[in-house]
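The file entry29.tsv comes next; it holds TSV, C-alpha atoms.
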```
chain	number	residue	atom	x	y	z
L	1	MET	CA	15.12	133.98	257.45
L	2	HIS	CA	12.89	134.06	260.52
L	3	GLU	CA	11.35	137.40	259.49
L	4	HIS	CA	10.77	136.10	255.96
L	5	ALA	CA	9.11	132.95	257.30
L	6	MET	CA	6.85	134.98	259.61
L	7	ARG	CA	5.82	137.28	256.77
L	8	ARG	CA	4.70	134.25	254.75
L	9	LEU	CA	3.09	132.49	257.71
L	10	GLU	CA	0.36	135.08	258.19
L	11	PRO	CA	-0.93	135.10	254.59
L	12	THR	CA	-0.74	131.29	254.45
L	13	GLY	CA	-2.95	131.08	257.53
L	14	ASP	CA	-5.26	133.70	256.04
L	15	LEU	CA	-5.61	131.65	252.84
L	16	HIS	CA	-6.47	128.49	254.79
L	17	ASP	CA	-8.99	130.47	256.82
L	18	GLY	CA	-10.39	132.03	253.66
L	19	VAL	CA	-10.96	128.63	252.05
L	20	GLU	CA	-12.73	127.34	255.13
L	21	ARG	CA	-14.90	130.44	255.62
L	22	ALA	CA	-15.20	131.57	251.99
L	23	LYS	CA	-13.53	134.92	252.68
L	24	PHE	CA	-13.07	135.68	249.00
L	25	GLU	CA	-14.72	138.16	246.70
L	26	ILE	CA	-15.11	137.97	242.93
L	27	ARG	CA	-14.90	141.10	240.82
L	28	TYR	CA	-15.65	141.21	237.10
L	29	ARG	CA	-13.61	143.07	234.48
L	30	PRO	CA	-15.32	143.75	231.13
L	31	ILE	CA	-14.07	142.54	227.75
L	32	VAL	CA	-15.63	144.60	224.98
L	33	GLY	CA	-15.78	144.75	221.21
L	34	VAL	CA	-13.29	147.40	220.15
L	35	GLY	CA	-15.49	148.89	217.45
L	36	SER	CA	-18.94	148.52	218.98
L	37	GLY	CA	-18.04	148.93	222.65
L	38	ARG	CA	-20.48	146.10	223.29
L	39	LEU	CA	-19.82	143.85	226.26
L	40	ALA	CA	-18.64	140.46	224.97
L	41	ALA	CA	-17.45	138.80	228.18
L	42	VAL	CA	-16.38	139.45	231.74
L	43	GLU	CA	-13.27	138.10	233.43
L	44	ALA	CA	-13.81	136.82	236.97
L	45	LEU	CA	-11.08	137.97	239.35
L	46	VAL	CA	-10.84	136.45	242.82
L	47	ARG	CA	-9.62	138.60	245.71
L	48	PRO	CA	-9.04	137.41	249.29
L	49	ASN	CA	-10.62	139.81	251.77
L	50	HIS	CA	-7.95	140.28	254.44
L	51	PRO	CA	-9.33	141.65	257.75
L	52	GLY	CA	-6.36	143.97	258.16
L	53	HIS	CA	-5.40	144.81	254.59
L	54	GLY	CA	-8.69	144.60	252.66
L	55	LEU	CA	-8.81	143.03	249.20
L	56	LEU	CA	-5.41	141.61	248.23
L	57	ALA	CA	-3.98	142.00	244.73
L	58	PRO	CA	-3.16	138.84	242.71
L	59	GLY	CA	0.57	139.24	243.24
L	60	GLU	CA	0.02	139.08	246.97
L	61	PHE	CA	-1.58	135.63	247.07
L	62	ILE	CA	-1.57	133.73	243.73
L	63	GLU	CA	2.02	132.46	244.01
L	64	LEU	CA	1.45	131.45	247.63
L	65	ALA	CA	-1.80	129.69	246.78
L	66	GLU	CA	0.03	127.76	244.05
L	67	GLU	CA	2.87	126.74	246.37
L	68	THR	CA	0.53	125.52	249.10
L	69	GLY	CA	-1.89	123.76	246.75
L	70	LEU	CA	-4.76	125.95	247.96
L	71	ILE	CA	-5.35	127.24	244.45
L	72	VAL	CA	-7.47	124.13	243.73
L	73	PRO	CA	-10.01	124.52	246.60
L	74	ILE	CA	-10.02	128.28	245.96
L	75	GLY	CA	-10.62	127.88	242.23
L	76	ARG	CA	-13.53	125.44	242.52
L	77	PRO	CA	-16.06	127.79	244.17
L	78	VAL	CA	-14.82	130.69	242.02
L	79	LEU	CA	-15.65	128.72	238.87
L	80	ARG	CA	-19.06	127.78	240.22
L	81	GLU	CA	-19.94	131.28	241.45
L	82	ALA	CA	-18.77	132.94	238.21
L	83	CYS	CA	-21.11	130.71	236.19
L	84	MET	CA	-23.96	131.31	238.63
L	85	GLN	CA	-23.45	135.07	238.30
L	86	LEU	CA	-23.47	134.78	234.51
L	87	ALA	CA	-26.73	132.83	234.69
L	88	ARG	CA	-28.24	135.55	236.89
L	89	TRP	CA	-27.24	138.24	234.38
L	90	HIS	CA	-28.76	136.29	231.49
L	91	ALA	CA	-31.97	135.74	233.46
L	92	ARG	CA	-32.16	139.42	234.36
L	93	PHE	CA	-31.29	141.01	231.02
L	94	GLY	CA	-32.51	138.32	228.62
L	95	ALA	CA	-31.77	139.07	224.99
L	96	ALA	CA	-29.88	142.22	225.97
L	97	ALA	CA	-27.17	140.00	227.48
L	98	GLY	CA	-26.67	138.40	224.07
L	99	GLU	CA	-23.77	135.94	223.97
L	100	LEU	CA	-22.17	137.34	227.13
L	101	ALA	CA	-19.60	134.83	228.45
L	102	VAL	CA	-17.60	134.59	231.65
L	103	SER	CA	-13.85	134.03	231.68
L	104	VAL	CA	-12.10	132.28	234.58
L	105	ASN	CA	-8.35	131.92	235.09
L	106	VAL	CA	-7.01	128.39	235.53
L	107	SER	CA	-3.48	127.65	236.75
L	108	VAL	CA	-1.16	124.76	235.92
L	109	THR	CA	-1.96	123.18	239.29
L	110	GLN	CA	-5.69	123.31	238.57
L	111	LEU	CA	-5.21	121.80	235.12
L	112	ASP	CA	-3.25	118.96	236.68
L	113	ALA	CA	-6.04	118.29	239.18
L	114	GLU	CA	-8.09	115.25	238.18
L	115	GLU	CA	-11.38	116.81	239.30
L	116	LEU	CA	-11.13	119.89	237.03
L	117	VAL	CA	-13.12	118.36	234.16
L	118	ALA	CA	-15.89	117.30	236.56
L	119	ASP	CA	-15.92	120.77	238.14
L	120	VAL	CA	-16.19	122.40	234.71
L	121	TRP	CA	-18.96	120.00	233.67
L	122	GLU	CA	-20.92	120.94	236.78
L	123	ALA	CA	-20.38	124.66	236.14
L	124	LEU	CA	-21.56	124.30	232.53
L	125	THR	CA	-24.92	122.99	233.73
L	126	VAL	CA	-25.41	126.46	235.24
L	127	ALA	CA	-24.02	128.60	232.40
L	128	ALA	CA	-22.72	127.25	229.10
L	129	LEU	CA	-20.76	130.29	227.86
L	130	LEU	CA	-17.50	129.66	229.68
L	131	ILE	CA	-13.95	130.70	228.79
L	132	LEU	CA	-10.95	129.29	230.65
L	133	GLU	CA	-7.79	131.43	230.62
L	134	ILE	CA	-4.38	129.81	230.89
L	135	THR	CA	-0.87	131.26	230.81
L	136	GLU	CA	1.76	130.39	228.23
L	137	SER	CA	3.71	128.42	230.84
L	138	VAL	CA	0.94	125.81	230.76
L	139	LEU	CA	1.97	124.99	227.19
L	140	MET	CA	5.09	123.28	228.52
L	141	GLY	CA	2.95	120.66	230.27
L	142	GLY	CA	3.23	118.03	227.55
L	143	ASP	CA	0.70	115.39	226.49
L	144	GLY	CA	-1.19	115.38	229.80
L	145	ILE	CA	-2.07	119.05	229.47
L	146	HIS	CA	-2.98	118.58	225.81
L	147	ARG	CA	-5.40	115.76	226.64
L	148	LYS	CA	-6.98	117.82	229.43
L	149	LEU	CA	-7.45	120.82	227.12
L	150	MET	CA	-9.00	118.57	224.47
L	151	ARG	CA	-11.49	117.18	227.00
L	152	LEU	CA	-12.45	120.69	228.08
L	153	HIS	CA	-12.81	121.80	224.46
L	154	GLU	CA	-15.09	118.84	223.76
L	155	LEU	CA	-17.36	120.07	226.56
L	156	GLY	CA	-17.82	123.33	224.66
L	157	VAL	CA	-15.42	125.42	226.74
L	158	ARG	CA	-13.43	128.12	224.94
L	159	VAL	CA	-9.75	128.36	225.91
L	160	ALA	CA	-7.78	131.62	225.96
L	161	VAL	CA	-4.01	132.04	226.20
L	162	GLU	CA	-3.36	135.09	228.37
L	163	ASP	CA	-0.28	137.34	228.51
L	164	PHE	CA	0.72	136.13	225.05
L	165	GLY	CA	4.19	137.18	223.98
L	166	THR	CA	5.87	137.24	227.38
L	167	GLY	CA	6.54	133.55	228.00
L	168	TYR	CA	6.81	130.35	226.00
L	169	SER	CA	5.52	131.66	222.69
L	170	SER	CA	5.56	129.01	219.99
L	171	LEU	CA	3.65	128.59	216.77
L	172	GLY	CA	3.82	124.84	217.33
L	173	TYR	CA	2.04	125.11	220.66
L	174	LEU	CA	-0.62	127.42	219.22
L	175	ARG	CA	-1.35	125.01	216.37
L	176	ARG	CA	-1.29	121.90	218.51
L	177	HIS	CA	-3.59	122.85	221.37
L	178	PRO	CA	-7.32	123.65	220.98
L	179	PHE	CA	-7.15	127.40	221.62
L	180	ASP	CA	-9.83	129.89	220.70
L	181	ILE	CA	-8.56	133.24	221.98
L	182	LEU	CA	-5.18	134.97	222.15
L	183	LYS	CA	-4.85	137.68	224.81
L	184	ILE	CA	-2.07	140.11	223.89
L	185	ASP	CA	-0.06	141.10	226.95
L	186	ARG	CA	-0.50	144.66	228.17
L	187	SER	CA	3.24	145.36	227.83
L	188	PHE	CA	2.78	145.48	224.04
L	189	ILE	CA	-0.25	147.75	224.33
L	190	ASP	CA	1.52	150.12	226.74
L	191	GLY	CA	4.19	150.65	224.11
L	192	ARG	CA	1.82	151.47	221.28
L	193	GLY	CA	2.86	154.68	219.60
L	194	ALA	CA	6.30	154.53	221.24
L	195	SER	CA	7.84	153.16	218.07
L	196	GLU	CA	6.78	152.00	214.65
L	197	ALA	CA	8.34	148.61	215.34
L	198	ASN	CA	6.15	148.05	218.40
L	199	ASP	CA	3.01	148.96	216.47
L	200	GLU	CA	3.97	146.52	213.74
L	201	LEU	CA	4.58	143.84	216.35
L	202	VAL	CA	1.05	144.21	217.74
L	203	ALA	CA	-0.37	144.15	214.22
L	204	GLY	CA	1.70	141.04	213.52
L	205	ILE	CA	0.31	139.21	216.56
L	206	ILE	CA	-3.24	140.07	215.50
L	207	SER	CA	-2.50	138.89	211.94
L	208	LEU	CA	-0.99	135.66	213.31
L	209	ALA	CA	-4.09	135.01	215.41
L	210	HIS	CA	-6.29	135.64	212.38
L	211	CYS	CA	-4.31	133.10	210.32
L	212	LEU	CA	-4.76	130.53	213.10
L	213	GLU	CA	-8.49	131.39	213.30
L	214	LEU	CA	-8.15	132.72	216.84
L	215	ASP	CA	-9.94	135.71	218.31
L	216	THR	CA	-7.78	138.32	219.99
L	217	VAL	CA	-8.15	140.37	223.16
L	218	ALA	CA	-5.78	143.29	223.68
L	219	GLU	CA	-5.15	143.72	227.41
L	220	GLY	CA	-4.29	146.90	229.30
L	221	VAL	CA	-6.13	149.42	227.12
L	222	GLU	CA	-6.37	152.57	229.21
L	223	ARG	CA	-6.35	155.45	226.72
L	224	HIS	CA	-8.57	156.47	223.83
L	225	GLU	CA	-5.66	156.53	221.37
L	226	GLN	CA	-4.83	152.90	222.22
L	227	ALA	CA	-8.42	151.83	221.56
L	228	ALA	CA	-8.57	153.85	218.33
L	229	ALA	CA	-5.32	152.32	217.02
L	230	LEU	CA	-6.51	148.79	217.80
L	231	GLU	CA	-9.81	149.48	216.08
L	232	ARG	CA	-7.94	150.33	212.89
L	233	MET	CA	-5.96	147.06	212.96
L	234	PRO	CA	-8.52	145.65	213.93
L	235	ALA	CA	-8.53	143.67	217.19
L	236	PRO	CA	-11.96	142.13	217.80
L	237	MET	CA	-11.92	142.59	221.60
L	238	VAL	CA	-10.14	144.73	224.14
L	239	GLN	CA	-9.88	144.86	227.92
L	240	GLY	CA	-8.67	147.53	230.31
L	241	TYR	CA	-9.54	150.52	232.46
L	242	HIS	CA	-10.65	152.56	229.44
L	243	TRP	CA	-14.05	150.96	230.03
L	244	PRO	CA	-16.53	152.10	231.26
L	245	PRO	CA	-15.63	155.20	229.19
L	246	GLY	CA	-15.81	158.74	230.48
L	247	ARG	CA	-14.14	158.12	233.83
L	248	SER	CA	-11.02	159.87	235.03
L	249	ARG	CA	-7.87	157.84	235.75
L	250	ALA	CA	-8.55	158.23	239.49
L	251	ASP	CA	-12.12	156.95	239.04
L	252	ARG	CA	-10.90	153.97	237.05
L	253	ARG	CA	-8.26	153.23	239.66
L	254	SER	CA	-10.85	153.15	242.45
L	255	ALA	CA	-13.18	150.99	240.35
L	256	ARG	CA	-10.63	148.34	239.40
L	257	GLY	CA	-11.90	144.84	239.83
L	258	ARG	CA	-15.51	145.86	240.44
L	259	ALA	CA	-18.34	144.29	238.50
L	260	PRO	CA	-19.51	146.23	235.44
L	261	ASP	CA	-22.74	148.20	235.77
```
The structure given in the file should be rewritten as structure tokens.
Amino acid sequence: MHEHAMRRLEPTGDLHDGVERAKFEIRYRPIVGVGSGRLAAVEALVRPNHPGHGLLAPGEFIELAEETGLIVPIGRPVLREACMQLARWHARFGAAAGELAVSVNVSVTQLDAEELVADVWEALTVAALLILEITESVLMGGDGIHRKLMRLHELGVRVAVEDFGTGYSSLGYLRRHPFDILKIDRSFIDGRGASEANDELVAGIISLAHCLELDTVAEGVERHEQAAALERMPAPMVQGYHWPPGRSRADRRSARGRAPD
């Protein structure tokens, strides 16, 4: 128990220190149109920069940040900086940037925070094309979460449900809440081609989203055959290490989390 406590004590202290000294980096993962390959959005991914271990993966700090409540002060500057970066890209590339949006993950704790709507309103004054990603577990939050999502939607924010199909999937929840995008969990994409049933399941999720007038993003696309199969379905948008194209698996692995060129 002592060893376990000490292992958690160091990262907790690092997170507190990171909040105070802004020792976090934001990397951007592209979301592209499956047919055109055109950049549609980028997902902002926050990574603590540990002095001894370098950039930490989400599994190494997200749960701890949630437990300690630090996810709220961490998320606020991430939201602001992501919108500022989007504004810089639009200013630099002009019409070439098109309708490029930025997507930011929001946890249950952040949604419960009273100041979230004000933080989002402030971020929208910098860049209006904002997507907030939530997990399916948020859907169990009841009327309070529904009201918060409605307020965000009224501000012009698009809301995406990420990792769809692995948690509290419910047609009732999808119809009730103001969602715009369904992100299909990578576990379904990894299994594409493994069985006819799995392929039909992915096609069924895309068809369901279409009936509910939701866009879809297929996560975890790493191989050409996955992208080609999704294009035939079709899924409007995809995300994964298959982009930028032409890189080896080792190149993609070393480039994970970095901003797109």
Calculate how many Å separate CA of Val46 (chain L) from CA of Arg151 (chain L), rounding to one decimal.
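Atom-to-atom, CA of Val46 (chain L) and CA of Arg151 (chain L) are spaced 24.9 Å apart.
Distance check against Ile145 (chain L) using only C-alpha atoms: of L:Ala160, L:Leu174, L:Leu124, L:Leu111, the minimum falls on L:Leu111.
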Nearest to Val126 (chain L) by atom-to-atom distance, counting only C-alpha atoms, from L:Ala96, L:Met150, L:Ala91, L:Val159
L:Ala91
Write out, as a Markdown table, each residue of region 133-207 of chain L that has an atom at most 8 Å from region 218-228 of chain L, together with the closest pair of atoms and their distance in Å to one decimal, counting all atoms listed in the file, rows going by chain and rising number.
```
| residue | atom | partner | partner_atom | distance |
| --- | --- | --- | --- | --- |
| L:Lys183 | CA | L:Ala218 | CA | 5.8 |
| L:Ile184 | CA | L:Ala218 | CA | 4.9 |
| L:Asp185 | CA | L:Glu219 | CA | 5.7 |
| L:Arg186 | CA | L:Gly220 | CA | 4.5 |
| L:Ser187 | CA | L:Gly220 | CA | 7.8 |
| L:Ile189 | CA | L:Gly220 | CA | 6.5 |
| L:Asp190 | CA | L:Gly220 | CA | 7.1 |
| L:Arg192 | CA | L:Gln226 | CA | 6.9 |
```
Would you mind telling me which residue in L:Ile31, L:Leu182, L:Ala235, L:Val202 lies nearest to Ala101 (chain L) when using all atoms listed in the file?
L:Ile31
With 5 Å of padding per side, what axis-aligned box (centre and edge lengths, Å, one decimal) covers all the listed atoms of region 84-95 of chain L? Give it as JSON.
```
{"center_x": -28.0, "center_y": 136.2, "center_z": 231.8, "size_x": 19.1, "size_y": 19.7, "size_z": 23.6}
```
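Of note, CA of Leu86 (chain L) and CA of Glu66 (chain L) are spaced 26.3 Å apart.
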Which one of L:Ile206, L:Leu64, L:Leu152, L:Leu214 sits closest to Glu115 (chain L) if you count all atoms listed in the file?
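Counting all atoms listed in the file, the residue closest to Glu115 (chain L) is L:Leu152.
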Record the distance separating CA of Ala229 (chain L) and CA of Asp180 (chain L), expressed in Å with one decimal.
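Those two atoms sit 23.2 Å apart.
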Pro236 (chain L): which residues within 8 Å, counting all atoms listed in the file, same-chain residues fewer than 4 positions away excluded, as a ChimeraX atom specification?
/L:33-35,215-217,231
